[in-house]
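What follows is the content of model22.txt (compact mmCIF, C-alpha atoms and all ligand atoms).
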# COMPACT_ATOMS: atom_id res chain seq x y z
CA MET A 186 0.00 0.00 0.00
CA ARG A 187 2.81 2.32 0.78
CA ALA A 188 4.18 1.70 -2.70
CA ILE A 189 0.85 2.53 -4.29
CA LEU A 190 0.59 5.69 -2.27
CA ALA A 191 4.08 6.70 -3.21
CA SER A 192 3.47 6.25 -6.90
CA ALA A 193 0.11 8.00 -6.76
CA LEU A 194 1.76 10.99 -5.18
CA PHE A 195 4.81 10.87 -7.35
CA PHE A 196 3.10 11.94 -10.53
CA HIS A 197 1.79 15.11 -9.02
CA VAL A 198 4.61 16.42 -6.99
CA VAL A 199 6.43 17.87 -9.98
CA HIS A 200 3.80 20.56 -9.89
CA GLY A 201 4.28 21.19 -6.22
CA HIS A 202 5.30 24.51 -4.80
CA ILE A 203 5.06 25.63 -1.20
CA GLY A 204 2.69 27.94 0.62
CA ALA A 205 1.83 28.77 4.23
CA PHE A 206 -1.51 27.37 5.41
CA THR A 207 -3.18 29.06 8.38
CA LYS A 208 -6.61 29.75 9.76
CA GLY A 209 -6.32 33.34 8.55
CA MET A 210 -5.15 32.66 5.02
CA TYR A 211 -6.85 34.00 1.93
CA CYS A 212 -8.38 31.53 -0.58
CA ARG A 213 -8.26 28.61 1.82
CA ASN A 214 -11.29 27.23 -0.03
CA GLY A 215 -9.74 27.90 -3.43
CA THR A 216 -10.79 30.56 -5.89
CA GLU A 217 -14.15 29.33 -7.09
CA PRO A 218 -16.94 31.35 -5.46
CA GLY A 219 -19.10 29.30 -3.12
CA VAL A 220 -17.07 26.12 -3.52
CA GLU A 221 -14.86 24.56 -0.87
CA ASN A 222 -11.92 22.84 -2.53
CA GLN A 223 -10.07 20.82 0.10
CA ASN A 224 -7.55 19.94 -2.57
CA THR A 225 -6.61 23.47 -3.61
CA ASN A 226 -3.12 24.61 -4.44
CA ASP A 227 -4.16 28.16 -5.34
CA ALA A 228 -2.19 29.50 -2.41
CA VAL A 229 1.10 27.92 -3.42
CA GLN A 230 1.46 29.33 -6.91
CA PRO A 231 4.74 31.20 -7.29
CA LEU A 232 4.91 34.72 -8.70
CA TYR A 233 7.20 35.36 -11.61
CA ASN A 234 7.48 37.97 -14.36
CA LEU A 235 4.09 39.49 -13.52
CA THR A 236 2.83 43.06 -13.35
CA LYS A 237 2.49 44.46 -9.86
CA SER A 238 -1.28 44.52 -10.22
CA ASP A 239 -1.06 40.73 -10.49
CA TRP A 240 1.71 39.76 -8.08
CA TRP A 241 0.79 42.12 -5.24
CA MET A 242 -1.08 40.08 -2.59
CA HIS A 243 -1.32 37.15 -5.02
CA HIS A 244 -3.91 38.79 -7.22
CA SER A 245 -2.61 36.66 -10.13
CA ASN A 246 -5.25 34.03 -9.40
CA LYS A 247 -7.54 36.32 -7.39
CA CYS A 248 -6.66 34.81 -4.01
CA ASP A 249 -6.80 38.32 -2.58
CA GLU A 250 -10.53 38.40 -3.37
CA PHE A 251 -11.25 35.39 -1.15
CA PRO A 252 -10.69 36.55 2.42
CA PRO A 253 -11.09 34.22 5.38
CA LEU A 254 -14.35 34.22 7.30
CA PRO A 255 -14.85 37.08 9.75
CA GLY A 256 -13.16 36.11 12.98
CA ASP A 257 -10.70 33.72 11.32
CA PHE A 258 -7.26 35.10 12.04
CA LEU A 259 -3.74 33.83 12.17
CA GLU A 260 -2.88 34.51 15.80
CA VAL A 261 0.48 36.13 16.37
CA PRO A 262 1.48 36.22 20.05
CA ALA A 263 3.52 39.28 20.96
CA ARG A 264 6.96 38.17 22.27
CA GLY A 265 5.97 34.56 21.60
CA SER A 266 5.91 32.39 18.52
CA PHE A 267 3.44 30.85 16.12
CA THR A 268 3.50 27.80 13.89
CA VAL A 269 2.20 27.40 10.36
CA GLU A 270 2.06 24.54 7.90
CA LEU A 271 4.24 24.90 4.81
CA ALA A 272 2.80 22.53 2.22
CA GLY A 273 2.25 22.04 -1.48
CA ASN A 274 -1.51 21.66 -1.27
CA ARG A 275 -4.25 22.16 1.29
CA ALA A 276 -4.95 18.42 0.98
CA LEU A 277 -1.66 17.78 2.78
CA THR A 278 -2.42 20.01 5.75
CA SER A 279 -4.55 19.69 8.86
CA PHE A 280 -7.17 21.89 7.13
CA SER A 281 -8.35 19.12 4.79
CA TYR A 282 -9.77 15.61 5.12
CA GLY A 283 -9.43 15.70 8.88
CA GLY A 284 -5.67 15.78 8.50
CA ARG A 285 -5.63 12.31 6.95
CA TYR A 286 -2.81 13.06 4.51
CA VAL A 287 -0.60 14.97 6.88
CA THR A 288 2.97 13.86 7.46
CA ALA A 289 5.96 15.73 8.79
CA TRP A 290 6.57 17.00 5.25
CA GLY A 291 4.79 19.39 2.93
CA ASP A 292 4.25 16.76 0.25
CA GLY A 293 2.38 14.35 2.50
CA LYS A 294 5.13 11.76 2.21
CA ASN A 295 7.69 10.46 4.64
CA HIS A 296 11.32 11.39 4.22
CA PRO A 297 14.46 10.96 6.30
CA ASP A 298 14.91 13.59 9.00
CA ASP A 299 18.10 14.71 7.30
CA TYR A 300 16.51 14.51 3.87
CA SER A 301 18.86 15.90 1.25
CA ILE A 302 20.00 15.40 -2.30
CA THR A 303 22.58 12.97 -0.94
CA ASN A 304 20.06 11.19 1.29
CA LEU A 305 16.85 10.92 -0.71
CA GLY A 306 15.51 7.97 1.26
CA GLY A 307 14.18 6.35 -1.89
CA GLU A 308 12.48 9.45 -3.25
CA PRO A 309 12.66 9.31 -7.06
CA ASN A 310 14.56 12.14 -8.72
CA PRO A 311 13.51 11.87 -12.36
CA SER A 312 14.80 15.26 -13.41
CA GLY A 313 18.26 14.44 -12.09
CA SER A 314 18.57 17.98 -10.81
CA GLY A 315 20.97 18.55 -7.95
CA CYS A 316 18.11 19.56 -5.68
CA ILE A 317 15.56 17.80 -3.49
CA PRO A 318 12.88 16.68 -5.95
CA ASP A 319 9.88 16.75 -3.63
CA PRO A 320 8.56 18.73 -1.83
CA ASN A 321 9.70 21.42 -4.22
CA LEU A 322 11.82 23.14 -1.61
CA HIS A 323 14.30 24.61 -4.10
CA ALA A 324 17.17 23.37 -1.95
CA GLN A 325 19.80 20.65 -1.77
CA ASN A 326 19.30 20.16 1.96
CA GLU A 327 17.97 22.00 5.00
CA THR A 328 21.03 24.21 5.31
CA MET A 329 20.48 25.48 1.79
CA ALA A 330 16.77 26.31 2.25
CA ALA A 331 16.62 30.02 1.46
CA GLY A 332 14.50 31.33 4.36
CA THR A 333 10.90 32.51 4.71
CA VAL A 334 9.24 35.41 6.51
CA PHE A 335 6.06 36.99 7.69
CA ALA A 336 5.52 40.71 7.30
CA ILE A 337 2.76 42.64 9.04
CA SER A 338 0.66 45.64 8.06
CA TYR A 339 -1.58 47.32 10.62
CA GLU A 340 -4.20 47.86 7.92
CA SER A 341 -7.41 45.82 8.15
CA ASP A 342 -8.30 46.62 4.54
CA ILE A 343 -6.04 44.67 2.22
CA LYS A 344 -6.25 47.49 -0.32
CA GLN A 345 -4.55 49.83 2.15
CA VAL A 346 -1.48 47.62 2.54
CA THR A 347 1.59 49.22 0.95
CA GLU A 348 5.29 48.41 0.65
CA GLU A 349 6.00 50.92 3.42
CA ASN A 350 3.42 49.75 5.96
CA LEU A 351 4.10 46.05 5.36
CA VAL A 352 7.08 45.30 7.59
CA VAL A 353 8.97 42.01 7.84
CA PHE A 354 8.68 41.10 11.53
CA THR A 355 9.96 37.53 11.62
CA VAL A 356 12.47 35.53 9.61
CA LYS A 357 12.97 31.79 9.69
CA TYR A 358 16.28 30.69 8.20
CA HIS A 359 16.52 27.25 6.59
CA THR A 360 12.86 27.11 5.66
CA PRO A 361 10.80 25.95 3.91
CA PHE A 362 11.86 22.44 4.84
CA LYS A 363 9.49 20.38 6.94
CA LEU A 364 5.73 20.93 7.20
CA LEU A 365 5.79 22.87 10.44
CA ALA A 366 7.66 26.13 10.72
CA THR A 367 7.66 28.23 13.88
CA TYR A 368 8.25 31.96 13.72
CA ASP A 369 9.31 34.15 16.65
CA VAL A 370 7.49 37.42 17.26
CA PRO A 371 8.86 40.71 18.54
CA ASP A 372 6.98 43.00 20.93
CA LEU A 373 4.23 43.89 18.46
CA PRO A 374 1.41 46.24 19.46
CA GLU A 375 -2.24 45.32 19.13
CA CYS A 376 -3.99 45.35 15.75
CA PRO A 377 -6.97 47.58 14.95
CA PRO A 378 -10.41 46.02 15.60
CA GLY A 379 -10.60 44.63 12.03
CA GLY A 380 -7.25 42.89 12.44
CA CYS A 381 -3.96 43.21 10.61
CA HIS A 382 -2.58 41.63 7.48
CA CYS A 383 0.32 39.21 7.77
CA VAL A 384 2.02 38.25 4.53
CA TRP A 385 4.17 35.18 3.99
CA GLY A 386 7.24 35.51 1.79
CA TRP A 387 9.89 33.27 0.25
CA VAL A 388 12.45 33.74 -2.49
CA PRO A 389 13.96 30.37 -3.37
CA ASN A 390 17.70 30.12 -3.98
CA HIS A 391 17.81 28.56 -7.47
CA CYS A 392 16.75 24.93 -8.06
CA GLY A 393 14.05 26.06 -10.47
CA GLN A 394 12.34 29.15 -11.78
CA PRO A 395 13.69 32.30 -10.08
CA ASN A 396 10.34 33.34 -8.66
CA MET A 397 9.03 34.75 -5.40
CA TYR A 398 6.16 34.14 -3.01
CA MET A 399 3.89 36.73 -1.42
CA PHE A 400 0.76 35.47 0.23
CA PRO A 401 -1.75 37.31 2.46
CA HIS A 402 -3.31 36.17 5.72
CA ARG A 403 -5.53 38.05 8.11
CA CYS A 404 -3.92 38.14 11.54
CA ILE A 405 -4.20 39.56 15.02
CA VAL A 406 -1.55 40.14 17.64
CA THR A 407 -2.45 38.48 20.92
CA GLY A 408 -1.07 39.36 24.34
CA ALA A 409 0.10 42.77 23.17
CA THR A 410 1.32 45.10 25.91
CA SER A 411 3.43 47.52 23.92
CA THR A 412 1.88 50.45 22.11
CA THR A 413 5.01 51.33 20.18
CA GLN A 414 4.13 51.45 16.50
CA LEU A 415 6.15 50.12 13.61
CA ALA A 416 8.27 52.48 11.52
CA PRO A 417 7.93 52.60 7.72
CA ALA A 418 9.77 49.80 5.95
CA LYS A 419 12.69 50.39 3.61
CA ALA A 420 13.64 48.17 0.68
CA PRO A 421 16.36 45.66 1.58
CA VAL A 422 19.57 45.70 -0.45
CA TRP A 423 22.07 43.07 -1.50
CA CYS A 424 24.92 42.95 1.04
CA GLU A 425 26.26 39.40 0.90
CA ASP A 426 29.77 40.61 0.16
CA ASP A 427 29.71 43.63 2.50
CA GLN A 428 27.52 43.36 5.58
CA SER A 429 28.12 47.03 6.35
CA ARG A 430 25.86 47.87 3.39
CA CYS A 431 22.89 45.94 4.77
CA VAL A 432 19.75 47.94 5.48
CA THR A 433 19.08 47.93 9.20
CA GLY A 434 15.73 48.61 10.80
CA PRO A 435 12.32 47.80 9.34
CA LYS A 436 12.53 46.18 5.94
CA GLN A 437 10.09 45.60 3.11
CA MET A 438 9.49 42.21 1.64
CA ILE A 439 11.60 41.31 -1.39
CA TYR A 440 9.87 42.11 -4.68
CA TRP A 441 11.99 40.64 -7.44
CA ASN A 442 11.95 39.31 -10.99
CA GLN A 443 8.57 40.79 -11.83
CA LEU A 444 7.62 42.91 -14.84
CA ASP A 445 7.23 45.97 -12.64
CA GLY A 446 7.16 46.99 -9.01
CA ASN A 447 10.48 45.33 -8.13
CA ASN A 448 12.25 46.79 -5.10
CA VAL A 449 15.28 44.58 -5.66
CA VAL A 450 17.09 44.26 -8.97
CA THR A 451 20.10 41.99 -9.18
CA GLU A 452 22.96 41.54 -11.57
CA GLY A 453 26.02 39.34 -11.57
CA LEU A 454 27.01 36.44 -9.39
CA GLN A 455 26.70 35.65 -5.71
CA LEU A 456 29.60 34.33 -3.68
CA ASP A 457 28.88 30.69 -4.52
CA GLY A 458 29.27 31.49 -8.23
CA ASP A 459 25.59 31.19 -9.12
CA TRP A 460 23.41 34.06 -10.32
CA LYS A 461 22.50 36.42 -7.51
CA SER A 462 19.33 35.22 -5.87
CA PRO A 463 18.08 37.54 -3.16
CA GLY A 464 16.51 35.79 -0.20
CA TYR A 465 15.34 36.30 3.35
CA ASN A 466 18.82 35.69 4.75
CA GLN A 467 22.17 37.41 5.26
CA LYS A 468 22.55 38.10 1.54
CA MET A 469 19.82 40.73 1.91
CA GLY A 470 20.60 41.74 5.49
CA PHE A 471 17.82 39.77 7.17
CA ASN A 472 18.74 38.36 10.56
CA ASP A 473 17.15 35.14 11.75
CA GLY A 474 14.23 35.28 14.18
CA ALA A 475 12.06 38.06 15.55
CA GLN A 476 12.93 41.46 14.10
CA HIS A 477 13.32 43.76 17.08
CA ASP A 478 14.53 46.81 15.18
CA ILE A 479 11.31 47.65 13.36
CA PHE A 480 9.75 50.10 15.80
CA LEU A 481 9.43 53.85 16.05
CA PRO A 482 11.12 55.43 19.04
CA PRO A 483 8.95 54.74 22.11
CA ALA A 484 6.05 57.13 22.49
CA PRO A 485 6.88 60.07 24.75
CA THR A 486 5.57 60.04 28.27
CA SER A 487 3.06 62.70 29.22
CA SER A 488 5.77 64.74 30.92
CA SER A 489 7.88 65.13 27.79
CA ASP A 490 7.68 68.06 25.39
CA PRO A 491 4.50 67.53 23.37
CA THR A 492 5.92 69.19 20.28
CA THR A 493 8.73 66.71 19.70
CA THR A 494 7.31 63.38 18.63
CA THR A 495 3.57 63.56 19.05
CA SER A 496 2.95 62.55 15.46
CA LEU A 497 4.66 59.24 16.08
CA ALA A 498 2.63 58.33 19.11
CA VAL A 499 -0.71 57.00 17.96
CA ASN A 500 -1.71 55.82 21.40
CA PRO A 501 -0.14 57.01 24.62
CA PRO A 502 1.36 54.15 26.58
CA THR A 503 -1.05 52.61 29.02
CA GLU A 504 -0.25 50.59 32.06
CA PRO A 505 1.25 47.32 30.84
CA ALA A 506 -0.99 44.31 31.24
CA PRO A 507 0.47 41.30 33.02
CA THR A 508 2.79 39.45 30.71
CA SER A 509 1.84 35.92 29.81
CA THR A 510 4.95 33.88 29.39
CA SER A 511 3.15 30.65 28.71
CA GLN A 512 1.98 32.15 25.44
CA SER A 513 5.26 31.59 23.75
CA THR A 514 5.59 27.91 24.40
CA ASP A 515 2.23 26.54 23.38
CA ALA A 516 2.00 28.00 19.91
CA PRO A 517 1.57 24.80 17.87
CA THR A 518 -1.97 23.75 18.60
CA GLU A 519 -3.56 20.99 16.59
CA ALA A 520 -1.02 20.38 13.91
CA PRO A 521 1.53 18.25 15.78
CA THR A 522 -1.13 15.98 17.18
CA SER A 523 -2.79 15.44 13.86
CA ILE A 524 0.56 14.67 12.31
CA ALA A 525 1.35 12.06 14.88
CA GLU A 526 -2.06 10.53 14.33
CA THR A 527 -1.68 10.60 10.62
CA VAL A 528 1.74 9.07 10.50
CA SER A 529 0.46 6.06 12.35
CA SER A 530 -2.85 5.76 10.54
CA SER A 531 -2.30 6.98 7.03
CA VAL A 532 -1.00 3.80 5.46
CA THR A 533 -4.23 1.94 6.05
CA THR A 534 -6.60 4.67 4.94
CA VAL A 535 -4.88 6.56 2.21
CA THR A 536 -4.73 4.51 -0.92
CA VAL A 537 -8.29 4.42 -2.19
CA THR A 538 -9.20 7.97 -1.39
CA MET A 539 -5.94 9.31 -2.63
CA THR A 540 -6.23 7.94 -6.11
CA GLU A 541 -9.89 8.78 -6.38
CA THR A 542 -10.22 12.21 -4.91
CA VAL A 543 -6.87 13.79 -4.38
CA SER A 544 -5.25 15.31 -7.37
CA TYR A 545 -2.19 17.32 -6.55
CA CYS A 546 -2.63 19.43 -9.61
CA PRO A 547 -6.30 20.34 -9.63
CA THR A 548 -5.92 22.34 -12.80
CA SER A 549 -4.86 19.28 -14.76
CA THR A 550 -7.57 17.06 -16.09
CA THR A 551 -5.69 13.81 -15.80
CA GLN A 552 -4.01 12.14 -12.85
CA THR A 553 -0.65 11.87 -14.54
CA PRO A 554 1.05 14.79 -16.19
CA SER A 555 1.81 14.53 -19.86
CA PRO A 556 5.42 14.01 -20.86
CA SER A 557 5.58 17.61 -21.99
CA VAL A 558 4.65 18.82 -18.53
CA LEU A 559 7.42 16.78 -17.00
CA LEU A 560 9.82 18.07 -19.59
CA LEU A 561 8.88 21.63 -18.84
CA GLU A 562 9.66 21.11 -15.18
CA GLN A 563 13.02 19.70 -16.05
CA GLU A 564 13.82 22.56 -18.34
CA TRP A 565 13.14 24.96 -15.54
CA LYS A 566 15.14 23.03 -13.03
CA GLU A 567 18.31 22.38 -14.91
CA PRO A 568 19.45 25.79 -16.07
CA TRP A 569 18.85 27.54 -12.79
CA SER A 570 20.18 24.86 -10.52
CA GLN A 571 23.71 25.02 -11.85
CA PRO A 572 26.26 27.76 -12.15
CA PRO A 573 25.46 29.72 -15.29
CA GLN A 574 28.88 29.14 -16.80
CA ALA A 575 28.09 25.46 -17.04
CA LEU A 576 25.13 25.77 -19.37
CA SER A 577 24.80 27.99 -22.36
CA LYS A 578 21.04 27.49 -22.07
CA SER A 579 21.00 29.17 -18.71
CA LEU A 580 23.00 32.07 -19.96
CA THR A 581 20.46 32.62 -22.68
CA LYS A 582 17.63 32.57 -20.20
CA ALA A 583 19.42 34.80 -17.75
CA GLN A 584 20.41 37.31 -20.39
CA HIS A 585 16.90 37.32 -21.70
CA LEU A 586 15.65 38.05 -18.24
CA ARG A 587 18.16 40.80 -17.65
CA ARG A 588 17.42 42.44 -20.97
CA GLY A 589 13.76 42.92 -20.09
CA PRO A 590 12.71 46.54 -19.48
CA SER A 591 12.44 46.22 -15.70
CA PHE A 592 15.58 44.14 -15.23
CA ARG A 593 18.04 46.94 -15.53
CA VAL A 594 21.70 46.19 -15.13
C1 LIG A 601 -15.24 27.43 3.02
O1 LIG A 601 -16.09 26.35 2.79
C2 LIG A 601 -16.78 25.92 3.96
C3 LIG A 601 -17.55 24.68 3.59
O2 LIG A 601 -18.45 24.96 2.57
C4 LIG A 601 -17.67 27.05 4.45
O3 LIG A 601 -18.31 26.65 5.64
C5 LIG A 601 -16.82 28.29 4.70
O4 LIG A 601 -17.67 29.36 5.03
C6 LIG A 601 -16.00 28.64 3.49
N1 LIG A 601 -15.08 29.70 3.84
C7 LIG A 601 -15.03 30.84 3.17
C8 LIG A 601 -14.02 31.81 3.60
O5 LIG A 601 -15.76 31.07 2.23
C1 LIG A 602 24.05 21.11 1.60
O1 LIG A 602 24.18 21.33 0.21
C2 LIG A 602 25.23 22.21 -0.13
C3 LIG A 602 25.14 22.46 -1.61
O2 LIG A 602 25.10 21.28 -2.34
C4 LIG A 602 26.56 21.57 0.30
O3 LIG A 602 27.61 22.44 -0.02
C5 LIG A 602 26.54 21.31 1.78
O4 LIG A 602 27.69 20.61 2.17
C6 LIG A 602 25.32 20.48 2.15
N1 LIG A 602 25.23 20.40 3.60
C7 LIG A 602 24.88 19.29 4.22
C8 LIG A 602 24.79 19.38 5.71
O5 LIG A 602 24.63 18.26 3.62
C1 LIG A 603 8.19 38.07 -19.17
O1 LIG A 603 6.96 38.50 -19.65
C2 LIG A 603 7.07 39.21 -20.88
C3 LIG A 603 5.70 39.82 -21.18
O2 LIG A 603 4.71 38.86 -21.06
C4 LIG A 603 7.56 38.25 -21.94
O3 LIG A 603 7.70 38.95 -23.17
C5 LIG A 603 8.91 37.72 -21.51
O4 LIG A 603 9.34 36.72 -22.43
C6 LIG A 603 8.84 37.10 -20.11
N1 LIG A 603 10.19 36.81 -19.67
C7 LIG A 603 10.52 35.65 -19.11
C8 LIG A 603 11.94 35.51 -18.71
O5 LIG A 603 9.72 34.76 -18.92
Would you encode the structure as C-alpha cells?
Amino acid sequence: MRAILASALFFHVVHGHIGAFTKGMYCRNGTEPGVENQNTNDAVQPLYNLTKSDWWMHHSNKCDEFPPLPGDFLEVPARGSFTVELAGNRALTSFSYGGRYVTAWGDGKNHPDDYSITNLGGEPNPSGSGCIPDPNLHAQNETMAAGTVFAISYESDIKQVTEENLVVFTVKYHTPFKLLATYDVPDLPECPPGGCHCVWGWVPNHCGQPNMYMFPHRCIVTGATSTTQLAPAKAPVWCEDDQSRCVTGPKQMIYWNQLDGNNVVTEGLQLDGDWKSPGYNQKMGFNDGAQHDIFLPPAPTSSSDPTTTTSLAVNPPTEPAPTSTSQSTDAPTEAPTSIAETVSSSVTTVTVTMTETVSYCPTSTTQTPSPSVLLLEQEWKEPWSQPPQALSKSLTKAQHLRRGPSFRV
C-alpha cells in the first residue's frame, strides 16, 4: 500500500510549490466562489514575471478576493511564537480531510529527518537535478533552504497595505523544509479592531524558476502590551559581500523578478558562483528570528515636550498588562497531534481515497502529467540549478531576463 501511495503521489509532486496554510489565510477554499476545494493549491502558486497589479497580494489568481471568514485570524502572540504549515496543497495540511494526509513533510510523504539530495531515502529524482525533488523546496538540503518570513501591516483593509506599511517582523532561516515552521514574534502592538494583514514571503535560492512568493493572511496580535508602533519599511539591499551595506531597521518584503514593481534588482554572481538570488537571509541583510529593530522610538511620556514626537505616538502608553509567558511555548496547537495521528494511521486509509479524490494538480484534467509537462519542469530546473557558466542554455535565459525593461543592469 505504501508503494501505491508513493506512486500515486509521485506523478503530481512535480507541480508542487510551497505555501503557508493558516486559519487566517486567503483563498483557503480555493478561488471558485461558493465552492470549498479541500484539494486546492491556489495559495502555493509562485509569482514570476508578472505586473504588480497581479503579483501584489497574489492577485494573479484572485486569491486576494477570497478573504477568510470574519473572525478567522492567524494569531500572532507578541513576544511569543506561532506555527504554520508549509505545504504544497491544502490536501496535505490539517485543514483538509481531517488531516488524513498529513505527514511531517509538505508533500504528504515520509522522508528521512536529514533529507537531502545525498540522502533521498528512496524518493525518485527523475529530473536528475541537484536539488531535493519533492517537496519542491528549491534546496539541496535543510542548510540550503533560502528562508521565509512573515511581514505585518496594521491595515485591516487589504487594499490599504503598501510596501512601506508592510514590515517584515519575523524571519525563519533554513525554511521551507518540513511541514511545520515556527516563527518568533517581537513586541508587536495590538492590531486595529478589524485585524492586521500578515504576509508570507519566500524567495527560493535557485533549483528552479527564479520566482518569489507573497501570500496574504488576516492576523491579530495576541497578548500585546506595547503600544510602540512600527516604523515605515525600507527596501532591503544586497549585502552578501559587504555586511556594512545591509539595510538595518524595518525592511520591506523582497519584490523581485517581476515585470514591474520590483524593489530589488540583481545583476552578476553571488559568492557561490551562481546568479544572484536575493533571499530572506544574510545576503539581503535579514537576521534570523524576531525582528526587534522595526519600531518607532517609544512614544513620549506625558511629561515630555508635546511638540517633539507627538505625530509618532498613535496611542499614549497605558499601564502594561500582566505578561503571559506561557503564550510563547504553546503555539503549535492541533497540527503536531494530527501529524502524529496521521503518521500512524495513514497507510491503512490513504490509498483508495488518494487515487480517487486527491489530485495534486487540480488544474490538470488527468491524474498523470503529460510528458511535456514533465519536460517543462526539467527545463526549468536544470538551467537555474547550476552555475550559469556550465550551461549555455542558462545564460540565454538569464540574459533574456536581464534584458527585459524592468531588469536593468
Ligand atoms: C469554506 O467552505 C466551507 C464549507 O463549505 C464554508 O463553511 C466556509 O464558510 C467557506 N469559507 C469561506 C471563507 O468562504
Ligand atoms: C548542503 O548542500 C550544499 C550544496 O550542495 C553543500 O555544499 C553542503 O555541504 C550540504 N550540507 C549538508 C549538511 O549536507
Ligand atoms: C516576461 O513577460 C514578458 C511579457 O509577457 C515576456 O515577453 C517575456 O518573455 C517574459 N520573460 C521571461 C523571462 O519569462
From the options A:Pro395, A:Gly380, A:Pro262, A:Pro374, which residue's atoms come nearest to A:His323, counting only C-alpha atoms?
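Smallest separation from A:His323 among the options: A:Pro395.
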All residues 7 Å or closer to stretch 219-224 of chain A, all atoms listed in the file, same chain fewer than 4 positions away omitted, as a PyMOL selection string:
chain A and resi 214-215+274-276+281+543
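Taking all atoms listed in the file into account, ligand LIG 602 (chain A) lies nearest to A:Ile317 out of the set A:Ile317, A:Met438, A:Leu444, A:Ala272.
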All residues 8 Å or closer to A:Pro435, all atoms listed in the file, same chain fewer than 4 positions away omitted, as a count of residues only
12
Work out where the centre of an axis-aligned box around every listed atom of stretch 391-403 of chain A lies and how long its edges are once 5 Å is added on each side; give both in Å to one decimal as lines of an AutoDock Vina configuration file.
center_x = 6.1
center_y = 31.5
center_z = -1.8
size_x = 33.3
size_y = 23.1
size_z = 29.9
Would you write out, as a tab-separated table, a table of all residues in stretch 320-393 of chain A that have an atom no more than 12 Å from an atom of stretch 464-474 of chain A, listing for each the closest atom pair and the distance in Å to one decimal, considering all atoms listed in the file and ordering rows by chain and rising residue number?
residue	atom	partner	partner_atom	distance
A:Thr328	CA	A:Asn466	CA	11.7
A:Met329	CA	A:Asn466	CA	10.8
A:Ala330	CA	A:Gly464	CA	9.8
A:Ala331	CA	A:Gly464	CA	6.0
A:Gly332	CA	A:Tyr465	CA	5.1
A:Thr333	CA	A:Tyr465	CA	6.0
A:Val334	CA	A:Tyr465	CA	6.9
A:Phe335	CA	A:Tyr465	CA	10.3
A:Ala336	CA	A:Tyr465	CA	11.5
A:Val353	CA	A:Phe471	CA	9.2
A:Phe354	CA	A:Gly474	CA	8.5
A:Thr355	CA	A:Gly474	CA	5.5
A:Val356	CA	A:Gly474	CA	4.9
A:Lys357	CA	A:Asp473	CA	5.7
A:Tyr358	CA	A:Asp473	CA	5.8
A:His359	CA	A:Asn466	CA	8.9
A:Thr360	CA	A:Tyr465	CA	9.8
A:Pro361	CA	A:Tyr465	CA	11.3
A:Ala366	CA	A:Gly474	CA	11.8
A:Thr367	CA	A:Gly474	CA	9.6
A:Tyr368	CA	A:Gly474	CA	6.9
A:Asp369	CA	A:Gly474	CA	5.6
A:Val370	CA	A:Gly474	CA	7.7
A:Pro371	CA	A:Gly474	CA	8.8
A:Trp385	CA	A:Tyr465	CA	11.2
A:Gly386	CA	A:Tyr465	CA	8.3
A:Trp387	CA	A:Tyr465	CA	7.0
A:Val388	CA	A:Gly464	CA	5.1
A:Pro389	CA	A:Gly464	CA	6.8
A:Asn390	CA	A:Gly464	CA	6.9
A:His391	CA	A:Gly464	CA	10.3
For a quick check of your reading of the model, name the residues lying within 9 Å of the coordinate (4.9, 25.2, 4.2), counting only C-alpha atoms, and write them as a ChimeraX atom specification.
/A:203-206,229,269-273,290-291,360-366
Which protein, DNA or RNA residues have an atom at most 12 Å from (4.2, 41.0, -9.6), counting all atoms listed in the file? List them as an MDAnalysis selection string.
chainID A and resid 231:246 396:400 439:448 591
